[in-house]
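Notes for the one structure printed next.
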There are 2 protein chains.
Amino acid sequence: MHMGLDNVDIAASSLADANFGREAQALLNWLAAFGADHDGGVTRPVYSKAWRAAQTALCEKMKAYGMEPRFDRVGNLFGRVTGRLHPRRRVVTGSHIDTVERGGRYDGALGIVAGMLAVHYLTSRFGPPRLTMEVVSFCEEEGSRFPLGFWGSTYVARSQTDDFSLTIPDVQDAAGTRLLDAMRQMGLPSHADDSDRDEIAAFVELHVEQGMRLEEAQCPIGIVEQIVGQRRYLVDVRGESNHAGTTPMDRRRDPMHGAASMIRCALELARRRQDGIVATVGRLQVAPNVSNVIPERIRFTLDVRHWDEAILDAYCEEVLEAFRRIAAQHRLAVSHALWLDQRPVAMHRRIIQHIESACRAQQADYLFMPSWAGHDAQIMAQHVPTGLIFVPSRHGISHSPEEYTNPADLDVGVRVLAATLYRLAYCEEEP
Amino acid sequence: MHMGLDNVDIAASSLADANFGREAQALLNWLAAFGADHDGGVTRPVYSKAWRAAQTALCEKMKAYGMEPRFDRVGNLFGRVTGRLHPRRRVVTGSHIDTVERGGRYDGALGIVAGMLAVHYLTSRFGPPRLTMEVVSFCEEEGSRFPLGFWGSTYVARSQTDDFSLTIPDVQDAAGTRLLDAMRQMGLPSHADDSDRDEIAAFVELHVEQGMRLEEAQCPIGIVEQIVGQRRYLVDVRGESNHAGTTPMDRRRDPMHGAASMIRCALELARRRQDGIVATVGRLQVAPNVSNVIPERIRFTLDVRHWDEAILDAYCEEVLEAFRRIAAQHRLAVSHALWLDQRPVAMHRRIIQHIESACRAQQADYLFMPSWAGHDAQIMAQHVPTGLIFVPSRHGISHSPEEYTNPADLDVGVRVLAATLYRLAYCEEEP
């Protein structure tokens with residue numbers, strides 16, 4: 001027995017008796033105890049003791065919430081409710097368990113907690129789903145311990161392409177510990193047979209926005225259409241160091257003059273285009289950095305983001321051409337290195353429609369928006385139909401002990417997630 | 001017996017038999033042994049062992065060159081040849097014995113060495129002068145050990161205003177040693193009775209240019225007309241730190257954008273004015289200085305120099321007004337602190353004329369020029385008729401082991417100094 005798509009929304013009435021806000025907050029606070037800092041923040045780097053304690057505790061919590069837990073080879077944790085009709089097709093929701101140093105209680109953790117509440121509610125209320133439902137706690141997303149990010153979701157996504165090989169990148173943390181050794185201290189990689197894993201039919205992630213747009217619009221839900229592409233350049237401007245007094249202006253090859261013109265040009269252009277592109281120069285270093293010496297060299301970073309690759313291309317081309325022109329004017333040498341290049345990733349149209357329908361059914365206001373930060377969803381989206389739901393971040397703050405989302409918004413978030421999972425796991429015709 | 005001004009130049013013939021270049025270089029190399037670095041540089045901070053060894057050795061050398069040496073209370077060393085007619089009026093020449101860390105062999109030292117050679121030559125050739133001649137080795141000019149500069153010449157200049165009090169500034173070096181304690185380790189301040197010192201009728205300093213103008217003009221002598229005024233500002237631009245992705249361009253209060261516009265504006269304006277003003281932004285600090293975070297605060301220095309106070313005023317007013325306008329445009333807070341403010345100092349017209357006449361008599365090419373760096377002459381000039389003579393610096397390099405002036409230029413420098421001292425101490429009517 002299943003209902004057609006048009007008449008199957010969990011009615012406002014059927015979720016109206018639930019209020020997930022307080023329970024979500026209680027679970028987030030419980031989880032924040034693992035790796036708690038003295039000031040209310042959370043530091044839970046991948047493969048640390050705090051990380052292991054959190055994953056182990058979550059494993060037990062999943063059992064209590066009626067799920068069957070399982071770790072994969074690299075330490076991703078899945079809590080499963082097996083489907084009645086299509087047990088080998090999984091609808092997965094969740095996010096990551098690791099945090100940046102002195103991070104908050106919501107980033108990553110909320111997606112896991114919300115998934116547990118939603119799956120538990122759905123199975124309690126409607127019984128077993130048609131497709132299998134799983135809540136995932138990805139082992140690593142932030143890249144804050146090792147110079148790699150999305151390690152957990154990348155492993156899962158790759159398995160969807162039948163690539164079950166396990167290649168551990170040879171990277172080290174700040175203390176010089178190699179990734180493989182850090183894993184071994186956790187008893188990883190394990191002998192779990194991930195090649196036996198079932199197909200992921202859909203992935204849905206709930207996350208805090210980490211921006212101010214929802215808060216300012218007083219809107220509880222953001223439906224992400226694209227995760228922006230990011231390019232990060234290191235720009236190196238070299239001139240000639242000289243005496244600040246004895247070198248006439250017209251004899252100078254001053255990289256400070258050139259770099260200031262370049263930075264102003266790059267930021268002005270981003271502002272003037274009004275196509276949503278954002279550009280940031282967050283880091284700048286001067287050599288030798290002495291007040292009465294014309295610098296020899298300026299290095300600065302340029303971070304550029306947009307959801308449309310063509311716009312990224314156009315902006316970056318124009319800026320880099322301007323840099324060359326400015327360098328020539330000032331008789332400077334300029335070079336740049338593109339050290340991060342993430343392409344924009346679109347969320348799946350069908351999942352977006354399900355989220356929108358869920359919002360309407362829950363009478364929840366929503367905005368379509370891009371995600372300006374990276375998420376596990378951008379990795380998953382490259383292999384399976386994926387959606388990303390945002391709830392507001394107070395003052396847009398994240399990666400900080402000040403991270404906060406109020407219980408009313410948490411409640412709406414969990415209800416919209418539950419309604420979306422219901423459509424995917426209980427109602428949808430097999431694609 | 002003395003000759004009138006118009007016919008008293010030491011004829012080219014009378015100095016033609018002398019060649020001071022090699023001897024000057026030998027003395028500079030000898031002096032560089034006190035505080036010698038392994039790489040050819042010299043580190044001789046005031047009141048250090050190397051400094052004491054240099055002053056003590058110079059004291060002996062002055063005796064060998066026919067001068068009567070004397071230390072004042074703070075450690076300035078004077079070598080005297082007493083005048084026949086006006087023994088209580090002194091024509092003083094010299095420079096400073098201290099160096100910056102890893103400094104060169106010429107900065108300061110050349111003025112002392114050239115003075116000794118010139119005074120020795122004049123007394124050997126023409127007998128005792130009418131006025132007393134003295135060579136001074138000032139104890140401190142660079143300000144590289146303690147946060148004070150011109151300590152030696154300031155003490156001497158002040159004594160010309162009958163202020164014989166001795167106030168030791170309560171400053172410390174990087175190791176936490178107080179100035180007074182550093183002096184005590186040298187047996188200073190001494191009981192020398194400086195109140196008994198004779199009047200300074202004129203001061204003439206020979207120094208390396210520390211710029212490229214003489215070298216490029218292939219001219220051995222610069223006659224300094226003014227020592228430029230210097231203003232150094234610390235500019236503080238404060239905005240709002242934020243996420244590089246989630247903060248739209250039009251919502252930013254980005255101090256990097258503002259600071260880049262300010263710096264470009266300040267340097268463009270200095271270049272465009274073409275009135276000789278020089279402006280340098282040599283030091284810049286970003287907080288928090290992370291590539292994917294819009295900065296909260298930028299601080300940068302602005303070093304401005306010109307010989308005309310009115311031009312300094314006009315430039316600084318225009319720039320600071322522009323900073324306020326740019327800050328308002330970007331919704332930033334800007335403030336500035338003027339942490340160094342040295343007014344321009346003119347050299348004495350009569351001394352300049354004597355130097356010019358000396359150049360002509362020696363058939364030495366010369367340029368009139370400002371000094372873009374500070375010198376003891378700027379302190380002395382505020383109290384006594386003062387002149388400053390430059391010789392070329394190879395490639396304009398100074399404060400470096402690479403400092404170099406070739407023997408031919410050293411020779412011309414000493415000859416012009418000698419001829420100038422001759423006019424001042426042997427020929428000039430008592431002013």
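By order in the structure tokens, chains are A, B, ...; within a chain, residues start at 1; ligands start at 1, following the order shown.
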**Report entry** Contacts of Arg197 of chain B at 12 Å (only C-alpha atoms; same-chain gap of 6+ positions) as number ranges by chain
**Finding:** B: 70-73, 78, 80, 87-90, 132, 134, 156-164
Requested in this report: Write down as a list in words the residues belonging to segment 219-281 of chain B that are assigned strand (DSSP E) by DSSP computed on the backbone.
Outcome: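 Selecting the strand (DSSP E) positions of segment 219-281 of chain B gives Ile221, Gly222, Ile223, Val224, Glu225, Gln226, Ile227, Gly229, Gln230, Arg231, Arg232, Tyr233, Leu234, Val235, Asp236, Val237, Arg238, Asn242, His243, Val278, Ala279 and Thr280 of chain B.
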Query raised in the report: If you count only C-alpha atoms, which residues fall within 7 Å of Ala425 of chain B, apart from same-chain ones fewer than 5 positions away, as a list in words?
Result: Val91, Pro129, Arg130, Leu131, Thr132 and Met133 of chain B
Write a file of the selected residues as a CSV table (one decimal), in the first residue's frame, keeping N, CA, C and O atoms.
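The result, stored in again.csv:
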chain,number,residue,atom,x,y,z
B,91,VAL,N,85.4,75.3,15.5
B,91,VAL,CA,84.8,74.8,14.2
B,91,VAL,C,84.8,73.3,14.3
B,91,VAL,O,85.9,72.7,14.5
B,129,PRO,N,95.2,76.7,13.5
B,129,PRO,CA,94.2,77.5,12.9
B,129,PRO,C,93.9,78.8,13.7
B,129,PRO,O,94.4,78.9,14.9
B,130,ARG,N,93.2,79.7,13.2
B,130,ARG,CA,92.8,80.9,14.0
B,130,ARG,C,91.8,80.5,15.0
B,130,ARG,O,91.9,80.9,16.2
B,131,LEU,N,90.7,79.7,14.6
B,131,LEU,CA,89.7,79.2,15.5
B,131,LEU,C,90.1,77.8,15.9
B,131,LEU,O,90.8,77.1,15.1
B,132,THR,N,89.7,77.3,17.0
B,132,THR,CA,89.9,75.9,17.4
B,132,THR,C,89.1,75.0,16.4
B,132,THR,O,88.0,75.3,15.9
B,133,MET,N,89.8,73.9,16.0
B,133,MET,CA,89.1,72.9,15.2
B,133,MET,C,88.9,71.6,16.1
B,133,MET,O,89.8,71.3,16.8
Query - For segment 136-149 of chain B: contacts at 8 Å, only C-alpha atoms, fewer than 2 positions along chain excluded, given as a ChimeraX atom specification - result: /B:45-46,55,74-79,92-101,112,134,151-153,171-174,179,375-376
Query raised in the report: Quick one: of A:Val208, A:Val237, A:Val278, A:Val290, who's nearest to Ile223 of chain A, counting only C-alpha atoms?
Result: A:Val208
Report task. Could you list the residues in chain B lying within 8 Å of chain A, using only C-alpha atoms, and format the result as a PyMOL selection string? Result -> chain B and resi 210-212+243-250+256-257+259-261+263-264+267+270-271+276-286+288-295+301-303+305+371-373
Report task. Can you work out which one of B:Ile326, B:Ala36, B:Ala202, B:Ile227 has the shortest atom-to-atom distance to Gln342 of chain B, counting only C-alpha atoms? Result ->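 Closest to Gln342 of chain B of all the choices is B:Ile227.
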Query - Distance query Ala50 of chain A at most 7 Å, only C-alpha atoms, self and fewer than 4 positions along chain excluded, as a ChimeraX atom specification - result: /A:34-35,44,54
N, CA, C and O atoms of the current selection, written as a PDB file, in the first residue's frame:
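Written out: again.pdb:
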ATOM      1  N   PHE A  34      31.055  15.972  24.058  1.00  0.00           N
ATOM      2  CA  PHE A  34      32.208  15.220  23.548  1.00  0.00           C
ATOM      3  C   PHE A  34      33.136  16.187  22.794  1.00  0.00           C
ATOM      4  O   PHE A  34      32.837  16.597  21.673  1.00  0.00           O
ATOM      5  N   GLY A  35      34.213  16.554  23.457  1.00  0.00           N
ATOM      6  CA  GLY A  35      35.112  17.546  22.872  1.00  0.00           C
ATOM      7  C   GLY A  35      34.799  18.959  23.330  1.00  0.00           C
ATOM      8  O   GLY A  35      35.236  19.925  22.703  1.00  0.00           O
ATOM      9  N   ARG A  44      36.472  18.912  18.050  1.00  0.00           N
ATOM     10  CA  ARG A  44      36.313  17.474  17.831  1.00  0.00           C
ATOM     11  C   ARG A  44      36.946  17.101  16.499  1.00  0.00           C
ATOM     12  O   ARG A  44      36.263  16.768  15.526  1.00  0.00           O
ATOM     13  N   ALA A  54      32.310  10.646  20.646  1.00  0.00           N
ATOM     14  CA  ALA A  54      31.065  11.146  20.054  1.00  0.00           C
ATOM     15  C   ALA A  54      30.447  10.090  19.127  1.00  0.00           C
ATOM     16  O   ALA A  54      29.247   9.813  19.198  1.00  0.00           O
TER      17      ALA A  54
END
Query raised in the report: A:Lys61, A:Arg251, A:Arg423, A:Arg84: which is nearest Arg350 of chain A, counting only C-alpha atoms?
Result: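 Among the listed residues, A:Arg423 lies closest to Arg350 of chain A.
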Report task. Would you mind listing what lies within 7 Å of segment 26-28 of chain B as a list in words, with only C-alpha atoms counted and same-chain residues fewer than 4 positions away left out? Result ->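 Answer for this query is Arg22, Ala32, Arg105, Tyr106, Ala109, Leu110 and Val113 of chain B.
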Query raised in the report: Contacts of Pro128 of chain B at 8 Å or less, counting only C-alpha atoms, minus same-chain residues fewer than 2 places along, as a PyMOL selection string?
Result: chain B and resi 81-84+123+126+130
For those residues, write N, CA and C atoms to a file as a JSON list (two decimals), in the first residue's frame.
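The resulting file, part34.json, is shown below:
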[["chain", "number", "residue", "atom", "x", "y", "z"],
["B", 81, "VAL", "N", 92.26, 70.72, 18.08],
["B", 81, "VAL", "CA", 93.46, 71.50, 17.75],
["B", 81, "VAL", "C", 93.12, 72.93, 18.10],
["B", 82, "THR", "N", 93.81, 73.48, 19.09],
["B", 82, "THR", "CA", 93.40, 74.76, 19.64],
["B", 82, "THR", "C", 93.75, 75.92, 18.70],
["B", 83, "GLY", "N", 92.84, 76.85, 18.56],
["B", 83, "GLY", "CA", 93.02, 77.99, 17.67],
["B", 83, "GLY", "C", 93.96, 79.03, 18.27],
["B", 84, "ARG", "N", 94.66, 79.73, 17.35],
["B", 84, "ARG", "CA", 95.62, 80.75, 17.78],
["B", 84, "ARG", "C", 94.94, 82.02, 18.27],
["B", 123, "THR", "N", 96.49, 71.18, 9.75],
["B", 123, "THR", "CA", 97.45, 71.63, 10.76],
["B", 123, "THR", "C", 98.88, 71.31, 10.33],
["B", 126, "PHE", "N", 99.33, 74.02, 7.33],
["B", 126, "PHE", "CA", 99.19, 75.46, 7.56],
["B", 126, "PHE", "C", 99.42, 75.86, 9.01],
["B", 130, "ARG", "N", 93.16, 79.70, 13.20],
["B", 130, "ARG", "CA", 92.78, 80.89, 13.97],
["B", 130, "ARG", "C", 91.75, 80.49, 15.03]]
